[in-house]
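Down below is the structure, laid out as structure tokens.
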Amino acid sequence: MIALFAKNVKAEDLPLIQKLIYKIEANGFKIKFYEPLFRQIEKNIIINKSANRFNLSDDLALQNVKFLFSLGGDGTLLSASSLLFNSKKISTIPILGINFGRLGFLTSVGKNELDNLIDDIKQGNYSEELHSLIQWNEHFALNEVVLRCEKAGEMLDINVYIDDKYLTTYTSDGVIVATPTGSTAYSLSCGGAILSPDAKCFCITPICPHNLTFRPLVIPDTHKITLEVKRSRSNVSIYFDSRSFAINQTERVTLIKAKKEISLIRLHNQSFFSAIGNKLMWGKNLLV
């Protein structure tokens, strides 16, 4: 069984979703729809009205789902992954990202690759990449954890500790602790390093630091990282990928590598390095 997940379906994507449904069913797979997705598309495409649906991660894990297809951009894939790790039991169902969005580092299949996709899956022409998660208490993130003020433009003083040993105090708009997966997201836009998904490390990246000598720091993921707000003029929020909540300014946030991982599917004709080169247009003359 293949589960389909999407958040906001655009009208121009409906024919592609219809094609994907036909391909899945023609190859003998059953489909299980994310309930909000089903409600968005049921009146616009041909679909079995009694089709299986899901909402909760435990329900998803118990229904013999072999693959979870995420239809959208990287943000959609992050939401799909949260269905799997935001419960006490982190599921091992592999996720395939089909890029209906824009840049898409995590989504590995483009709109023009749907014709052969199910054949490749059925024939085993894919690999599963294990991506590490970062954890604080019961919260998990696939991309990054961000600590910053709720009010835009307000700077923080944030003490950073590595294994309880003081590292430095960032005076900045905030701090990012990124996994290798998240190294191509917010951290990259703030000057952080690009990390291979199988790298065993975290990247600590200050956001717009007041002191320009501060630079991103890559450390092994066997270390724990503690963030402590030393000074803030307004309320402080912590972000786990796209999910956020306010925290007490006196609270210390200790981040560790989670024991479980998320599995992402990559077709055999693709690689992380080719994706980076293509999406960042490395080696291309942009002046022509």
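Ligands are numbered from 1 in the order shown, chains are lettered A, B, ... in the order of the structure tokens, and residues start at 1 in each chain.
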
Considering only C-alpha atoms, tabulate each residue of region 171-265 of chain A that lies at most 9 Å from region 73-83 of chain A along with its nearest interatomic pair and the corresponding distance in Å to one decimal; arrange the rows by chain and ascending residue number and present them as a Markdown table.
| residue | atom | partner | partner_atom | distance |
| --- | --- | --- | --- | --- |
| A:Asp241 | CA | A:Leu78 | CA | 7.2 |
| A:Ser242 | CA | A:Gly75 | CA | 7.6 |
| A:Ile262 | CA | A:Ser81 | CA | 7.4 |

Contacts of region 107-122 of chain A at 6 Å or less, counting only C-alpha atoms, minus same-chain residues fewer than 5 places along, as a PDB file with N, CA and C atoms, in the first residue's frame?
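Ended up saving to result-v5.pdb:
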ATOM      1  N   GLY A  97       9.715  12.059  -1.867  1.00  0.00           N
ATOM      2  CA  GLY A  97       9.257  13.408  -2.142  1.00  0.00           C
ATOM      3  C   GLY A  97       9.097  13.645  -3.631  1.00  0.00           C
ATOM      4  N   ILE A  98       7.887  13.983  -4.054  1.00  0.00           N
ATOM      5  CA  ILE A  98       7.611  14.332  -5.450  1.00  0.00           C
ATOM      6  C   ILE A  98       7.460  15.846  -5.507  1.00  0.00           C
ATOM      7  N   ASN A  99       8.326  16.492  -6.249  1.00  0.00           N
ATOM      8  CA  ASN A  99       8.450  17.945  -6.180  1.00  0.00           C
ATOM      9  C   ASN A  99       7.384  18.654  -7.017  1.00  0.00           C
TER      10      ASN A  99
END

Enumerate as an NGL selection string all residues of region 133-253 of chain A assigned to strand (DSSP E or B) by DSSP on the backbone, naming them with the chain letters and numbers the document uses. :A and (133-136 or 139-141 or 144-149 or 156-162 or 165-172 or 174-178 or 201-207 or 217-220 or 225-232 or 236-240 or 243-247 or 252-253)

Have a look at A:Gly191, A:Pro15, A:Gly28, A:Gly182 and name the one nearest to Ser132 (chain A); count only C-alpha atoms.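 Using only C-alpha atoms, Ser132 (chain A) sits closest to A:Gly182.
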
Residues at most 10 Å from Thr222 (chain A), counting only C-alpha atoms, excluding those fewer than 2 positions away in the same chain, as an MDAnalysis selection string? chainID A and resid 163 200:202 219:220 224:225 256:257

May I ask which of the residues A:Lys279, A:Lys30, A:Lys43, A:Arg243 is the closest one to Phe67 (chain A), counting only C-alpha atoms? A:Lys30

Rank nothing, just name the residue among A:Asn44, A:Thr171, A:Gln63, A:Gln18 nearest to Ile2 (chain A), using only C-alpha atoms.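 Closest candidate: A:Gln63.
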
Minimum-distance residue to Ala246 (chain A), chosen among A:Tyr166, A:Ser274, A:His223, A:Glu150 (using only C-alpha atoms):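 Using only C-alpha atoms, the shortest distance to Ala246 (chain A) belongs to A:Glu150.
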
Region 22-122 of chain A: which residues are alpha helix (DSSP H) by DSSP, as number ranges by chain? A: 22-26, 35-41, 57-62, 74-85, 117-122

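Of the residues listed (A:Pro209, A:Pro197, A:Gly174, A:Pro180), A:Gly174 shows the shortest atom-to-atom separation from Lys230 (chain A); distances use only C-alpha atoms.
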
What is the distance between CA of Tyr186 (chain A) and CA of Arg215 (chain A), in Å to one decimal? 14.8 Å

Determine the nearest neighbour of Thr179 (chain A) from the options A:Ser244, A:Glu261, A:Asn125, A:Ile46, counting only C-alpha atoms. A:Glu261

12 Å contact set for Pro206 (chain A), only C-alpha atoms, chain neighbours under 5 positions out, as a PDB file with N, CA and C atoms, in the first residue's frame:
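And here's part-v9.pdb as it stands now:
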ATOM      1  N   VAL A 145      16.676  23.047  14.391  1.00  0.00           N
ATOM      2  CA  VAL A 145      16.067  23.711  15.539  1.00  0.00           C
ATOM      3  C   VAL A 145      16.559  25.151  15.526  1.00  0.00           C
ATOM      4  N   VAL A 146      15.633  26.093  15.700  1.00  0.00           N
ATOM      5  CA  VAL A 146      15.978  27.516  15.661  1.00  0.00           C
ATOM      6  C   VAL A 146      15.477  28.172  16.944  1.00  0.00           C
ATOM      7  N   LEU A 147      16.336  28.937  17.580  1.00  0.00           N
ATOM      8  CA  LEU A 147      15.961  29.713  18.756  1.00  0.00           C
ATOM      9  C   LEU A 147      16.079  31.187  18.390  1.00  0.00           C
ATOM     10  N   ARG A 148      14.985  31.930  18.497  1.00  0.00           N
ATOM     11  CA  ARG A 148      15.007  33.347  18.146  1.00  0.00           C
ATOM     12  C   ARG A 148      13.867  34.087  18.821  1.00  0.00           C
ATOM     13  N   MET A 155      17.472  41.338  18.810  1.00  0.00           N
ATOM     14  CA  MET A 155      18.636  40.476  19.004  1.00  0.00           C
ATOM     15  C   MET A 155      18.577  39.778  20.356  1.00  0.00           C
ATOM     16  N   LEU A 156      19.259  38.649  20.386  1.00  0.00           N
ATOM     17  CA  LEU A 156      19.372  37.851  21.608  1.00  0.00           C
ATOM     18  C   LEU A 156      20.840  37.709  21.992  1.00  0.00           C
ATOM     19  N   ASP A 157      21.082  37.496  23.260  1.00  0.00           N
ATOM     20  CA  ASP A 157      22.364  36.969  23.720  1.00  0.00           C
ATOM     21  C   ASP A 157      22.107  35.516  24.097  1.00  0.00           C
ATOM     22  N   ILE A 158      22.752  34.599  23.386  1.00  0.00           N
ATOM     23  CA  ILE A 158      22.519  33.167  23.601  1.00  0.00           C
ATOM     24  C   ILE A 158      23.827  32.492  23.980  1.00  0.00           C
ATOM     25  N   ASN A 159      23.875  31.945  25.180  1.00  0.00           N
ATOM     26  CA  ASN A 159      25.021  31.140  25.593  1.00  0.00           C
ATOM     27  C   ASN A 159      24.924  29.771  24.939  1.00  0.00           C
ATOM     28  N   VAL A 160      26.045  29.279  24.426  1.00  0.00           N
ATOM     29  CA  VAL A 160      26.087  27.961  23.790  1.00  0.00           C
ATOM     30  C   VAL A 160      27.086  27.086  24.535  1.00  0.00           C
ATOM     31  N   THR A 168      30.530  29.832  23.608  1.00  0.00           N
ATOM     32  CA  THR A 168      30.530  31.264  23.354  1.00  0.00           C
ATOM     33  C   THR A 168      29.147  31.824  23.642  1.00  0.00           C
ATOM     34  N   THR A 169      29.031  33.137  23.519  1.00  0.00           N
ATOM     35  CA  THR A 169      27.740  33.800  23.603  1.00  0.00           C
ATOM     36  C   THR A 169      27.494  34.523  22.279  1.00  0.00           C
ATOM     37  N   TYR A 170      26.452  34.085  21.564  1.00  0.00           N
ATOM     38  CA  TYR A 170      26.096  34.742  20.311  1.00  0.00           C
ATOM     39  C   TYR A 170      25.197  35.932  20.603  1.00  0.00           C
ATOM     40  N   THR A 171      25.593  37.111  20.131  1.00  0.00           N
ATOM     41  CA  THR A 171      24.685  38.249  20.072  1.00  0.00           C
ATOM     42  C   THR A 171      24.207  38.317  18.629  1.00  0.00           C
ATOM     43  N   SER A 172      22.975  37.914  18.413  1.00  0.00           N
ATOM     44  CA  SER A 172      22.498  37.713  17.045  1.00  0.00           C
ATOM     45  C   SER A 172      20.979  37.704  17.030  1.00  0.00           C
ATOM     46  N   ASP A 173      20.417  37.545  15.825  1.00  0.00           N
ATOM     47  CA  ASP A 173      18.965  37.409  15.707  1.00  0.00           C
ATOM     48  C   ASP A 173      18.478  36.048  16.192  1.00  0.00           C
ATOM     49  N   GLY A 174      19.397  35.136  16.385  1.00  0.00           N
ATOM     50  CA  GLY A 174      19.045  33.799  16.854  1.00  0.00           C
ATOM     51  C   GLY A 174      20.141  32.825  16.491  1.00  0.00           C
ATOM     52  N   VAL A 175      19.877  31.553  16.728  1.00  0.00           N
ATOM     53  CA  VAL A 175      20.858  30.521  16.407  1.00  0.00           C
ATOM     54  C   VAL A 175      20.130  29.317  15.810  1.00  0.00           C
ATOM     55  N   ILE A 176      20.774  28.695  14.839  1.00  0.00           N
ATOM     56  CA  ILE A 176      20.256  27.501  14.172  1.00  0.00           C
ATOM     57  C   ILE A 176      21.152  26.325  14.525  1.00  0.00           C
ATOM     58  N   VAL A 177      20.544  25.210  14.881  1.00  0.00           N
ATOM     59  CA  VAL A 177      21.274  23.953  14.990  1.00  0.00           C
ATOM     60  C   VAL A 177      20.683  23.026  13.931  1.00  0.00           C
ATOM     61  N   ALA A 178      21.458  22.782  12.884  1.00  0.00           N
ATOM     62  CA  ALA A 178      20.958  22.059  11.723  1.00  0.00           C
ATOM     63  C   ALA A 178      21.531  20.649  11.665  1.00  0.00           C
ATOM     64  N   TYR A 186      17.596  26.692   6.023  1.00  0.00           N
ATOM     65  CA  TYR A 186      17.801  27.977   6.685  1.00  0.00           C
ATOM     66  C   TYR A 186      19.283  28.212   6.986  1.00  0.00           C
ATOM     67  N   SER A 187      19.960  27.190   7.441  1.00  0.00           N
ATOM     68  CA  SER A 187      21.377  27.319   7.783  1.00  0.00           C
ATOM     69  C   SER A 187      22.200  27.767   6.586  1.00  0.00           C
ATOM     70  N   LEU A 188      21.920  27.202   5.412  1.00  0.00           N
ATOM     71  CA  LEU A 188      22.654  27.568   4.204  1.00  0.00           C
ATOM     72  C   LEU A 188      22.463  29.041   3.873  1.00  0.00           C
ATOM     73  N   SER A 189      21.230  29.536   4.026  1.00  0.00           N
ATOM     74  CA  SER A 189      20.955  30.935   3.717  1.00  0.00           C
ATOM     75  C   SER A 189      21.651  31.885   4.691  1.00  0.00           C
ATOM     76  N   CYS A 190      22.051  31.356   5.856  1.00  0.00           N
ATOM     77  CA  CYS A 190      22.768  32.165   6.850  1.00  0.00           C
ATOM     78  C   CYS A 190      24.277  31.921   6.798  1.00  0.00           C
ATOM     79  N   GLY A 191      24.743  31.249   5.748  1.00  0.00           N
ATOM     80  CA  GLY A 191      26.173  31.047   5.574  1.00  0.00           C
ATOM     81  C   GLY A 191      26.708  29.738   6.094  1.00  0.00           C
ATOM     82  N   GLY A 192      25.823  28.818   6.477  1.00  0.00           N
ATOM     83  CA  GLY A 192      26.256  27.529   7.000  1.00  0.00           C
ATOM     84  C   GLY A 192      26.800  26.616   5.917  1.00  0.00           C
ATOM     85  N   ASN A 211      28.663  40.338  15.901  1.00  0.00           N
ATOM     86  CA  ASN A 211      30.108  40.251  15.725  1.00  0.00           C
ATOM     87  C   ASN A 211      30.390  39.390  14.491  1.00  0.00           C
ATOM     88  N   LEU A 212      30.990  39.985  13.452  1.00  0.00           N
ATOM     89  CA  LEU A 212      31.174  39.268  12.192  1.00  0.00           C
ATOM     90  C   LEU A 212      32.241  38.182  12.262  1.00  0.00           C
ATOM     91  N   THR A 213      32.968  38.093  13.386  1.00  0.00           N
ATOM     92  CA  THR A 213      33.934  36.998  13.519  1.00  0.00           C
ATOM     93  C   THR A 213      33.264  35.680  13.863  1.00  0.00           C
ATOM     94  N   PHE A 214      31.990  35.718  14.293  1.00  0.00           N
ATOM     95  CA  PHE A 214      31.268  34.472  14.547  1.00  0.00           C
ATOM     96  C   PHE A 214      31.026  33.754  13.227  1.00  0.00           C
ATOM     97  N   ARG A 215      31.301  32.478  13.217  1.00  0.00           N
ATOM     98  CA  ARG A 215      31.130  31.668  12.015  1.00  0.00           C
ATOM     99  C   ARG A 215      30.431  30.359  12.359  1.00  0.00           C
ATOM    100  N   PRO A 216      29.754  29.753  11.380  1.00  0.00           N
ATOM    101  CA  PRO A 216      29.119  28.456  11.641  1.00  0.00           C
ATOM    102  C   PRO A 216      30.158  27.436  12.114  1.00  0.00           C
ATOM    103  N   LEU A 217      29.692  26.539  12.973  1.00  0.00           N
ATOM    104  CA  LEU A 217      30.580  25.536  13.558  1.00  0.00           C
ATOM    105  C   LEU A 217      29.980  24.155  13.334  1.00  0.00           C
ATOM    106  N   LEU A 227      21.516  25.424  24.591  1.00  0.00           N
ATOM    107  CA  LEU A 227      21.299  26.836  24.293  1.00  0.00           C
ATOM    108  C   LEU A 227      20.622  27.477  25.503  1.00  0.00           C
TER     109      LEU A 227
END

Measure the distance from CA of Asn235 (chain A) to CA of Gln249 (chain A) in Å and round it to one decimal.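 About the pair CA of Asn235 (chain A) and CA of Gln249 (chain A): they are 7.3 Å apart.
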